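Raw start32.cif, mmCIF, C-alpha atoms:
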data_protein
#
loop_
_atom_site.label_atom_id
_atom_site.label_comp_id
_atom_site.auth_asym_id
_atom_site.auth_seq_id
_atom_site.Cartn_x
_atom_site.Cartn_y
_atom_site.Cartn_z
CA MET I 1 13.90 -25.93 27.76
CA ALA I 2 15.29 -29.07 26.23
CA GLU I 3 14.60 -29.07 22.55
CA LYS I 4 12.91 -32.42 22.22
CA MET I 5 11.08 -32.55 25.50
CA THR I 6 7.34 -32.29 25.54
CA THR I 7 6.10 -30.32 28.53
CA ILE I 8 2.57 -30.16 29.83
CA GLY I 9 2.64 -26.93 31.82
CA ALA I 10 1.28 -26.34 35.30
CA GLY I 11 -1.97 -24.79 34.09
CA ALA I 12 -2.62 -27.27 31.32
CA HIS I 13 -5.20 -30.02 31.22
CA PHE I 14 -4.88 -32.57 28.45
CA LYS I 15 -7.24 -35.41 27.78
CA GLY I 16 -6.74 -37.82 24.94
CA LYS I 17 -3.99 -39.81 23.29
CA ILE I 18 -0.25 -39.17 23.08
CA SER I 19 1.88 -41.16 20.67
CA ASN I 20 5.36 -41.12 19.17
CA ALA I 21 6.80 -39.39 22.22
CA SER I 22 10.33 -39.65 23.60
CA THR I 23 10.46 -37.47 26.69
CA ILE I 24 7.46 -36.02 28.48
CA GLU I 25 7.32 -33.80 31.52
CA VAL I 26 3.97 -33.29 33.23
CA SER I 27 3.37 -30.32 35.55
CA GLY I 28 -0.32 -30.07 34.74
CA ILE I 29 -3.10 -32.61 34.50
CA VAL I 30 -2.97 -35.38 31.93
CA GLU I 31 -5.53 -38.09 31.28
CA ALA I 32 -4.02 -40.23 28.57
CA ASP I 33 -2.39 -43.50 27.64
CA VAL I 34 1.24 -42.96 26.82
CA ALA I 35 4.13 -44.96 25.41
CA THR I 36 7.40 -43.11 25.77
CA GLU I 37 11.05 -43.36 26.76
CA LYS I 38 11.09 -41.09 29.75
CA LEU I 39 8.21 -39.61 31.68
CA THR I 40 8.43 -37.19 34.59
CA ILE I 41 5.46 -36.24 36.73
CA ASN I 42 6.40 -33.09 38.62
CA GLU I 43 5.13 -32.16 42.05
CA SER I 44 2.22 -30.17 40.63
CA GLY I 45 1.51 -32.84 38.02
CA LYS I 46 -1.33 -35.32 37.98
CA PHE I 47 -1.38 -38.24 35.59
CA GLY I 48 -4.18 -40.71 35.03
CA GLY I 49 -3.91 -43.53 32.53
CA SER I 50 -1.50 -46.20 31.41
CA ILE I 51 2.23 -45.60 30.96
CA HIS I 52 4.72 -47.71 29.05
CA SER I 53 8.14 -46.23 29.50
CA LYS I 54 11.79 -47.02 30.11
CA LEU I 55 12.05 -44.53 32.93
CA VAL I 56 9.34 -42.97 35.04
CA VAL I 57 10.02 -40.38 37.74
CA VAL I 58 7.04 -39.47 39.91
CA SER I 59 6.96 -36.45 42.22
CA GLY I 60 3.27 -35.72 41.78
CA SER I 61 0.32 -38.06 41.69
CA TYR I 62 -0.33 -41.00 39.45
CA ASP I 63 -3.24 -43.36 39.00
CA GLY I 64 -3.20 -46.15 36.45
CA ASN I 65 -1.26 -49.08 35.12
CA MET I 66 2.43 -48.40 34.72
CA VAL I 67 4.92 -50.66 32.97
CA ALA I 68 8.47 -49.36 33.21
CA ASP I 69 12.05 -50.54 33.40
CA SER I 70 13.02 -48.04 36.06
CA VAL I 71 10.63 -46.32 38.40
CA TRP I 72 11.64 -43.60 40.83
CA LEU I 73 9.05 -42.49 43.35
CA MET I 74 10.09 -39.23 44.99
CA PRO I 75 9.15 -38.22 48.56
CA SER I 76 6.17 -36.15 47.39
CA SER I 77 4.73 -38.80 45.10
CA ARG I 78 1.34 -40.42 45.54
CA VAL I 79 0.62 -43.46 43.47
CA SER I 80 -2.40 -45.69 43.04
CA GLY I 81 -3.10 -48.42 40.53
CA GLU I 82 -0.46 -50.89 39.46
CA ILE I 83 3.27 -50.70 38.78
CA LYS I 84 5.19 -53.33 36.81
CA TYR I 85 8.87 -52.59 37.05
CA LYS I 86 12.37 -53.96 36.73
CA SER I 87 14.01 -51.63 39.19
CA LEU I 88 12.26 -49.42 41.69
CA GLN I 89 13.44 -46.62 43.91
CA LEU I 90 11.04 -45.57 46.60
CA ASP I 91 11.94 -42.52 48.63
CA ARG I 92 10.88 -42.01 52.21
CA GLY I 93 7.60 -40.12 52.24
CA ALA I 94 6.21 -41.51 49.01
CA ALA I 95 2.57 -42.47 49.41
CA LEU I 96 2.12 -45.75 47.64
CA ASN I 97 -1.27 -47.37 47.49
CA CYS I 98 -1.01 -49.80 44.66
CA ARG I 99 -0.03 -53.20 43.42
CA VAL I 100 3.64 -53.55 42.55
CA ILE I 101 5.01 -56.36 40.43
CA GLN I 102 8.70 -56.90 39.95
CA ASN I 103 9.35 -58.60 36.65
CA TRP I 104 12.92 -59.04 35.47
CA ASP I 105 12.18 -61.47 32.70
CA GLU I 106 8.83 -61.18 31.02
CA LYS I 107 9.25 -64.58 29.31
CA THR I 108 8.84 -66.48 32.59
CA PRO I 109 6.33 -64.42 34.49
CA SER I 110 4.66 -67.33 36.24
CA ASN I 111 7.62 -68.04 38.55
CA THR I 112 8.93 -64.60 39.14
CA GLU I 113 5.58 -62.97 39.50
CA ALA I 114 4.37 -65.38 42.14
CA SER I 115 7.43 -64.89 44.34
CA ALA I 116 8.21 -61.29 43.66
CA SER I 117 4.80 -59.73 43.40
CA GLU I 118 3.43 -58.12 46.46
CA GLU I 119 0.46 -56.14 47.50
CA ALA I 120 1.77 -52.93 48.91
CA LYS I 121 -0.35 -50.65 50.93
CA ILE I 122 2.22 -48.35 52.33
CA ALA I 123 0.62 -45.33 53.77
CA ALA I 124 2.30 -45.05 57.11
CA THR I 125 0.47 -42.16 58.67
CA SER I 126 3.55 -40.04 59.14
CA ASN I 127 4.48 -40.47 55.50
CA LYS I 128 1.02 -39.79 54.25
CA ASP I 129 0.64 -36.65 56.34
CA ASN I 130 3.97 -35.51 55.05
CA SER I 131 2.95 -35.77 51.43
CA GLU I 132 -0.46 -34.33 52.00
CA VAL I 133 1.04 -31.18 53.39
CA LYS I 134 3.14 -30.86 50.29
CA ALA I 135 0.32 -31.63 47.88
CA MET G 1 9.27 -22.54 32.07
CA ALA G 2 7.14 -25.05 33.83
CA ASP G 3 4.01 -23.15 32.92
CA VAL G 4 4.62 -23.29 29.20
CA THR G 5 3.17 -26.29 27.43
CA TYR G 6 5.50 -27.44 24.70
CA ILE G 7 4.70 -30.22 22.25
CA SER G 8 7.88 -31.48 20.62
CA PRO G 9 8.28 -32.05 16.87
CA GLU G 10 7.80 -35.79 16.54
CA ILE G 11 4.90 -36.14 18.93
CA MET G 12 1.26 -36.79 18.02
CA MET G 13 -1.42 -35.67 20.45
CA GLU G 14 -5.09 -36.29 20.00
CA GLY G 15 -7.75 -34.91 22.30
CA THR G 16 -8.49 -31.73 24.19
CA LEU G 17 -5.92 -29.41 25.67
CA ASP G 18 -7.12 -26.72 28.06
CA VAL G 19 -4.53 -24.19 29.18
CA THR G 20 -6.72 -21.39 30.40
CA SER G 21 -6.02 -21.59 34.12
CA ALA G 22 -4.14 -18.84 35.90
CA LYS G 23 -1.02 -20.95 36.44
CA GLY G 24 -0.06 -21.14 32.81
CA SER G 25 -1.51 -20.15 29.53
CA THR G 26 0.96 -20.60 26.70
CA VAL G 27 1.09 -23.47 24.24
CA VAL G 28 3.85 -23.99 21.73
CA LEU G 29 3.18 -26.73 19.21
CA ALA G 30 6.06 -28.08 17.18
CA GLY G 31 4.52 -31.52 16.67
CA HIS G 32 1.12 -32.72 15.62
CA PHE G 33 -2.18 -32.14 17.30
CA LYS G 34 -5.69 -33.26 16.52
CA GLY G 35 -8.63 -31.98 18.49
CA GLU G 36 -9.45 -28.89 20.48
CA MET G 37 -7.04 -26.43 22.04
CA ARG G 38 -7.90 -23.63 24.46
CA ALA G 39 -5.20 -21.27 25.65
CA VAL G 40 -4.26 -17.62 25.99
CA ASP G 41 -1.22 -17.66 23.73
CA VAL G 42 -0.80 -20.27 21.04
CA LYS G 43 2.17 -20.63 18.76
CA LEU G 44 2.19 -23.23 16.00
CA GLU G 45 5.75 -23.52 14.81
CA THR G 46 6.95 -24.19 11.29
CA GLY G 47 6.61 -27.92 10.64
CA SER G 48 3.71 -28.43 13.01
CA THR G 49 0.32 -29.72 11.94
CA PHE G 50 -2.99 -29.01 13.55
CA ASN G 51 -6.39 -30.48 12.90
CA GLY G 52 -9.36 -29.11 14.76
CA LYS G 53 -10.29 -25.99 16.67
CA ILE G 54 -8.23 -23.33 18.44
CA PHE G 55 -9.66 -20.88 20.95
CA ALA G 56 -7.09 -18.35 22.10
CA HIS G 57 -6.35 -14.73 22.83
CA SER G 58 -3.40 -14.48 20.50
CA THR G 59 -2.28 -17.01 17.94
CA GLU G 60 0.77 -17.25 15.74
CA VAL G 61 0.81 -19.82 12.97
CA GLY G 62 3.79 -21.10 11.03
CA GLY G 63 2.58 -24.62 10.46
CA LYS G 64 -0.18 -26.40 8.64
CA ILE G 65 -3.71 -26.04 9.94
CA ASN G 66 -6.93 -27.63 8.95
CA GLY G 67 -9.79 -26.28 11.00
CA ASP G 68 -11.11 -23.27 12.82
CA ILE G 69 -9.36 -20.54 14.75
CA GLU G 70 -11.13 -18.17 17.11
CA THR G 71 -8.69 -15.64 18.49
CA LYS G 72 -8.42 -11.92 19.25
CA SER G 73 -5.23 -11.48 17.29
CA LEU G 74 -3.83 -13.79 14.66
CA LYS G 75 -0.57 -13.83 12.79
CA LEU G 76 0.06 -16.14 9.86
CA THR G 77 3.77 -16.28 9.05
CA SER G 78 5.23 -17.04 5.63
CA SER G 79 5.38 -20.78 6.28
CA ALA G 80 1.72 -21.04 7.32
CA ARG G 81 -0.68 -23.26 5.38
CA PHE G 82 -4.21 -22.64 6.48
CA GLU G 83 -7.50 -24.16 5.48
CA GLY G 84 -10.67 -23.43 7.38
CA SER G 85 -12.37 -20.52 9.06
CA ILE G 86 -10.86 -17.63 10.97
CA LEU G 87 -12.65 -15.49 13.52
CA THR G 88 -10.44 -12.63 14.65
CA ASP G 89 -10.22 -8.91 15.37
CA GLU G 90 -6.60 -8.33 14.40
CA LEU G 91 -5.15 -10.21 11.49
CA ALA G 92 -1.68 -10.21 9.99
CA ILE G 93 -0.66 -12.38 7.05
CA ASP G 94 2.95 -12.53 5.90
CA VAL G 95 3.93 -12.86 2.27
CA GLY G 96 4.12 -16.54 1.39
CA ALA G 97 1.37 -17.78 3.67
CA GLU G 98 -1.24 -19.89 1.96
CA VAL G 99 -4.73 -19.23 3.24
CA SER G 100 -7.99 -20.64 2.05
CA GLY G 101 -11.32 -20.42 3.77
CA SER G 102 -13.36 -17.75 5.45
CA ILE G 103 -12.25 -14.81 7.54
CA SER G 104 -14.64 -12.84 9.70
CA LYS G 105 -14.59 -10.49 12.64
CA LEU G 106 -14.88 -11.83 16.13
CA GLN G 107 -18.24 -11.17 17.69
CA LYS G 108 -18.31 -9.13 20.85
CA SER G 109 -19.27 -11.19 23.84
#
Exercise: express the given structure as structure tokens:
Amino acid sequence: MAEKMTTIGAGAHFKGKISNASTIEVSGIVEADVATEKLTINESGKFGGSIHSKLVVVSGSYDGNMVADSVWLMPSSRVSGEIKYKSLQLDRGAALNCRVIQNWDEKTPSNTEASASEEAKIAATSNKDNSEVKA
Amino acid sequence: MADVTYISPEIMMEGTLDVTSAKGSTVVLAGHFKGEMRAVDVKLETGSTFNGKIFAHSTEVGGKINGDIETKSLKLTSSARFEGSILTDELAIDVGAEVSGSISKLQKS
């Protein structure tokens, strides 16, 4: 176990506030608003609430408003809510049912947001079935 | 490894943590926690602070606690600073631990 990494284990359920974190790994259930550097939601993990982070890796399920520099949605991920990102990797099989906004420069959001934002409702049946089996 | 909940030294968590499901049951706190914690095994490391209530089967304390502990077996190590009430059946206190408050036997339920 990495020394500085906070882990919410598979059987854990946390509800509340998390602050002053650097790296968090979620295998259990978390309902919280978090500001951190790196956040990983494992396949068994469920996260509800807002995330501000440099890097977010999702293999489990997420619901909320996410603001992150880099977002990686793994094949088993299921996401709803909103994602604001600078760079996004979306793997085949990820079930995405949310608003995604690409925002390279937050100083001029009016131009970039209008052209780059998109409503994504990707739940191609094959993909969704795939992730449901895994879930 | 994935079923252990570990709270790293610099972190502050406020709320309720429930780790009593069959998948995992151990909590190690090295950071700061405020609220209620339910688990089977709880370990509060040296340097950690806890404010609130702990319900556990076995608890080991090396940090600073303000609040109540209800646990079957409790160990306070030499670095423990405890203030509050203890309900336990088996109690061990190391030399150096500072304890103030009430200690009573756990009621059978």
Measuring atom to atom with all atoms listed in the file, identify which of I:Ser59, I:Ser87, I:Ser19, I:Thr40 is nearest to Pro75 of chain I.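 Going through I:Ser59, I:Ser87, I:Ser19, I:Thr40 one by one, the smallest distance to Pro75 of chain I is for I:Ser59.
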Specify as a PyMOL selection string each residue included when the PyMOL selection byres ((chain G) within 9 of (chain I)) is applied to this file. chain G and resi 1-27+35+39
Dump C-alpha atoms for the selected residues as a CSV table (one decimal), in the frame of the given file?
chain,number,residue,atom,x,y,z
G,1,MET,CA,9.3,-22.5,32.1
G,2,ALA,CA,7.1,-25.0,33.8
G,3,ASP,CA,4.0,-23.2,32.9
G,4,VAL,CA,4.6,-23.3,29.2
G,5,THR,CA,3.2,-26.3,27.4
G,6,TYR,CA,5.5,-27.4,24.7
G,7,ILE,CA,4.7,-30.2,22.2
G,8,SER,CA,7.9,-31.5,20.6
G,9,PRO,CA,8.3,-32.0,16.9
G,10,GLU,CA,7.8,-35.8,16.5
G,11,ILE,CA,4.9,-36.1,18.9
G,12,MET,CA,1.3,-36.8,18.0
G,13,MET,CA,-1.4,-35.7,20.4
G,14,GLU,CA,-5.1,-36.3,20.0
G,15,GLY,CA,-7.8,-34.9,22.3
G,16,THR,CA,-8.5,-31.7,24.2
G,17,LEU,CA,-5.9,-29.4,25.7
G,18,ASP,CA,-7.1,-26.7,28.1
G,19,VAL,CA,-4.5,-24.2,29.2
G,20,THR,CA,-6.7,-21.4,30.4
G,21,SER,CA,-6.0,-21.6,34.1
G,22,ALA,CA,-4.1,-18.8,35.9
G,23,LYS,CA,-1.0,-21.0,36.4
G,24,GLY,CA,-0.1,-21.1,32.8
G,25,SER,CA,-1.5,-20.2,29.5
G,26,THR,CA,1.0,-20.6,26.7
G,27,VAL,CA,1.1,-23.5,24.2
G,35,GLY,CA,-8.6,-32.0,18.5
G,39,ALA,CA,-5.2,-21.3,25.6
Around the point (-9.1, -15.7, 13.5) in the file's coordinates, collect all residues with an atom within 6 Å, using all atoms listed in the file, and return them as a PyMOL selection string. chain G and resi 69-71+74+86-88
Here is a test: counting all atoms listed in the file, which residue of G:Gln107, G:Ser102, G:Ser85, G:Thr59 is nearest to Ser73 of chain G?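 Checking each candidate against Ser73 of chain G, we get G:Thr59 as the closest.
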Mind listing whatever residues come within 12 Å of the point (-11.3, -19.1, 0.2)? Use all atoms listed in the file, file coordinates, and give them as a compact mmCIF listing (two decimals) with C-alpha atoms, in the coordinates of the input.
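Written out: selection38.txt:
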# COMPACT_ATOMS: atom_id res chain seq x y z
CA PHE G 82 -4.21 -22.64 6.48
CA GLU G 83 -7.50 -24.16 5.48
CA GLY G 84 -10.67 -23.43 7.38
CA SER G 85 -12.37 -20.52 9.06
CA ILE G 86 -10.86 -17.63 10.97
CA GLU G 98 -1.24 -19.89 1.96
CA VAL G 99 -4.73 -19.23 3.24
CA SER G 100 -7.99 -20.64 2.05
CA GLY G 101 -11.32 -20.42 3.77
CA SER G 102 -13.36 -17.75 5.45
CA ILE G 103 -12.25 -14.81 7.54
CA SER G 104 -14.64 -12.84 9.70
Report, in Å with one decimal, the straight-line distance from atom CA of Ile65 of chain G to atom CA of Leu39 of chain I.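 According to the coordinates, atom CA of Ile65 of chain G and atom CA of Leu39 of chain I are separated by 28.3 Å.
Put simply, atom CA of Glu90 of chain G is 19.1 Å away from atom CA of Gly63 of chain G.
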Atom CA of Lys46 of chain I to atom CA of Ser58 of chain G, distance in Å rounded to a single decimal: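 That distance, rounded to one decimal, is 27.3 Å.
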Translate the PyMOL selection byres ((chain G and resi 95-97) around 8) into a concrete residue list for this structure, as a ChimeraX atom specification. /G:76-82,93-94,98-99
Just-selected residues, C-alpha atoms written as a PDB file, in the frame of the given file:
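Final output, out_30.pdb:
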ATOM      1  CA  LEU G  76       0.060 -16.140   9.860  1.00  0.00           C
ATOM      2  CA  THR G  77       3.770 -16.280   9.050  1.00  0.00           C
ATOM      3  CA  SER G  78       5.230 -17.040   5.630  1.00  0.00           C
ATOM      4  CA  SER G  79       5.380 -20.780   6.280  1.00  0.00           C
ATOM      5  CA  ALA G  80       1.720 -21.040   7.320  1.00  0.00           C
ATOM      6  CA  ARG G  81      -0.680 -23.260   5.380  1.00  0.00           C
ATOM      7  CA  PHE G  82      -4.210 -22.640   6.480  1.00  0.00           C
ATOM      8  CA  ILE G  93      -0.660 -12.380   7.050  1.00  0.00           C
ATOM      9  CA  ASP G  94       2.950 -12.530   5.900  1.00  0.00           C
ATOM     10  CA  GLU G  98      -1.240 -19.890   1.960  1.00  0.00           C
ATOM     11  CA  VAL G  99      -4.730 -19.230   3.240  1.00  0.00           C
TER      12      VAL G  99
END
